[in-house]
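To keep things clear, I will list the structure first and then write my remarks on it.
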Amino acid sequence: MTKRTNKQTNERTTMAKKSRSQRRKKGDELETLNEGKNRVEVLDENHTIADSWTTDFSSYGDDSDNYDDDDDNNIDMDDLLKNGVRDQDQAEAAAANRDLVLQEVVASTMDEFAQEKRTAKREARLKKLFKGLSHYATGPNSFEIVASHQNQLRMACLFSLRTGSPSEQYAACRCLEILSVVFGADHEDWVESIGKYLERSVQVATRAPLVRVAALRAWAMAVFICADGDGHTSEKLMDFCESVAQETFRNEPTPVALRAAALDSWTLLASTIEDFFLAGQDEAQIGRGLVMLNMLKDCLDSGSGELRSAAG
């Protein structure tokens, strides 16, 4: 009788134990909501790329602690002004060090990225890449370093955007956004190479709303900074933003955060086109800004402070 009881206890324990991939940490913000047959992925609305609830860097041997964020900020500007050339050499050495760190970060991100099976490990690499680009892409050769790996960086981000967890997808969008800043103006080819994938991410209703927001903002930033000056690309994306800002988009309710992001992106892009396209010239030609007034009025009456702020 005792043996049977022990056996049953062991069976219950074995059945209750989940695999490591199925376990969730306490306080995990990642949820899955069931709506009919669709499964909508959700990230906490306050999630940022700095959050590491799915990423323990120490367990992956991450070498981000091998360099100090303030290594290039240790130069006393008063000493630089007083001592001139001597401290200018120190400044040049710090700039060269930023290039070296950036090169190491880019290389470590690209190393067999698609072969890595663990989404948390890929997310850690993307976070490290974002940190490297935002902190160290200011050296004399930073543009050349990043541009020489443009295709690999793009493919890594798009791979994560297609196959990763919501937090990994979010990190990928943020990396694409900052890459647009590094590349700068007159890189229409960059806009074309990522635009359709970001558009698709915004369109998929089952994606986490915060991922859709990040994708739209990354696309808007790419167009705002990198597109050529003819305004056609901006106007095309403005049309898309107007559709996303509606209460329903592609026959699905539009998340409030996504509507607000669409209005913010529309406003940013509006600064790149001529005023008469927005305000119109006469009664016969009504500007596209005037067409949005009714929708903006509805947004201002919304119960969401975020949406009211964007509409204002």
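Residues in the structure tokens are numbered from 1 in each chain, the chains being A, B, ... in the order shown, and ligands are numbered from 1 in the order shown.
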Contacts of Val182 of chain A at 12 Å (only C-alpha atoms; same-chain gap of 6+ positions) as a PyMOL selection string: chain A and resi 130+132-139+141-147+150+175-176+190+221-222+225-226
Residues just named, written with C-alpha atoms as a short mmCIF file (atom, residue, chain, number, x, y, z; two decimals), in the first residue's frame:
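So again-v4.cif came out as:
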data_model
loop_
_atom_site.label_atom_id
_atom_site.label_comp_id
_atom_site.auth_asym_id
_atom_site.auth_seq_id
_atom_site.Cartn_x
_atom_site.Cartn_y
_atom_site.Cartn_z
CA PHE A 130 21.14 48.99 -29.39
CA GLY A 132 26.45 50.00 -28.75
CA LEU A 133 24.80 52.07 -31.48
CA SER A 134 23.32 54.61 -29.09
CA HIS A 135 26.48 55.03 -27.02
CA TYR A 136 29.37 54.50 -29.42
CA ALA A 137 28.27 55.32 -32.98
CA THR A 138 29.83 58.79 -32.71
CA GLY A 139 33.44 57.98 -33.53
CA ASN A 141 34.67 55.80 -38.46
CA SER A 142 31.35 54.76 -36.91
CA PHE A 143 29.33 55.23 -40.09
CA GLU A 144 31.73 53.07 -42.12
CA ILE A 145 31.68 50.38 -39.43
CA VAL A 146 27.90 50.16 -39.36
CA ALA A 147 27.43 50.61 -43.13
CA GLN A 150 24.29 47.00 -43.06
CA CYS A 175 17.57 48.60 -33.45
CA LEU A 176 16.15 49.33 -36.93
CA TRP A 190 17.49 51.54 -46.54
CA MET A 221 11.95 57.44 -38.39
CA ALA A 222 13.50 55.75 -41.42
CA ILE A 225 15.63 60.75 -41.81
CA CYS A 226 16.69 58.56 -44.72
#
Gap from atom CA of Pro140 of chain A to atom CA of Asp99 of chain A - Å, one decimal: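 Atom CA of Asp99 of chain A lies 7.3 Å from atom CA of Pro140 of chain A.
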Nearest candidate to Tyr197 of chain A (options A:Ser165, A:Asn97, A:Thr233, A:Ser160; using only C-alpha atoms):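 For Tyr197 of chain A, the nearest of the given residues is A:Ser160.
Minimum distance to Ala214 of chain A across A:His149, A:Arg174, A:Arg288, A:Lys117 (counting only C-alpha atoms) occurs at A:Arg174.
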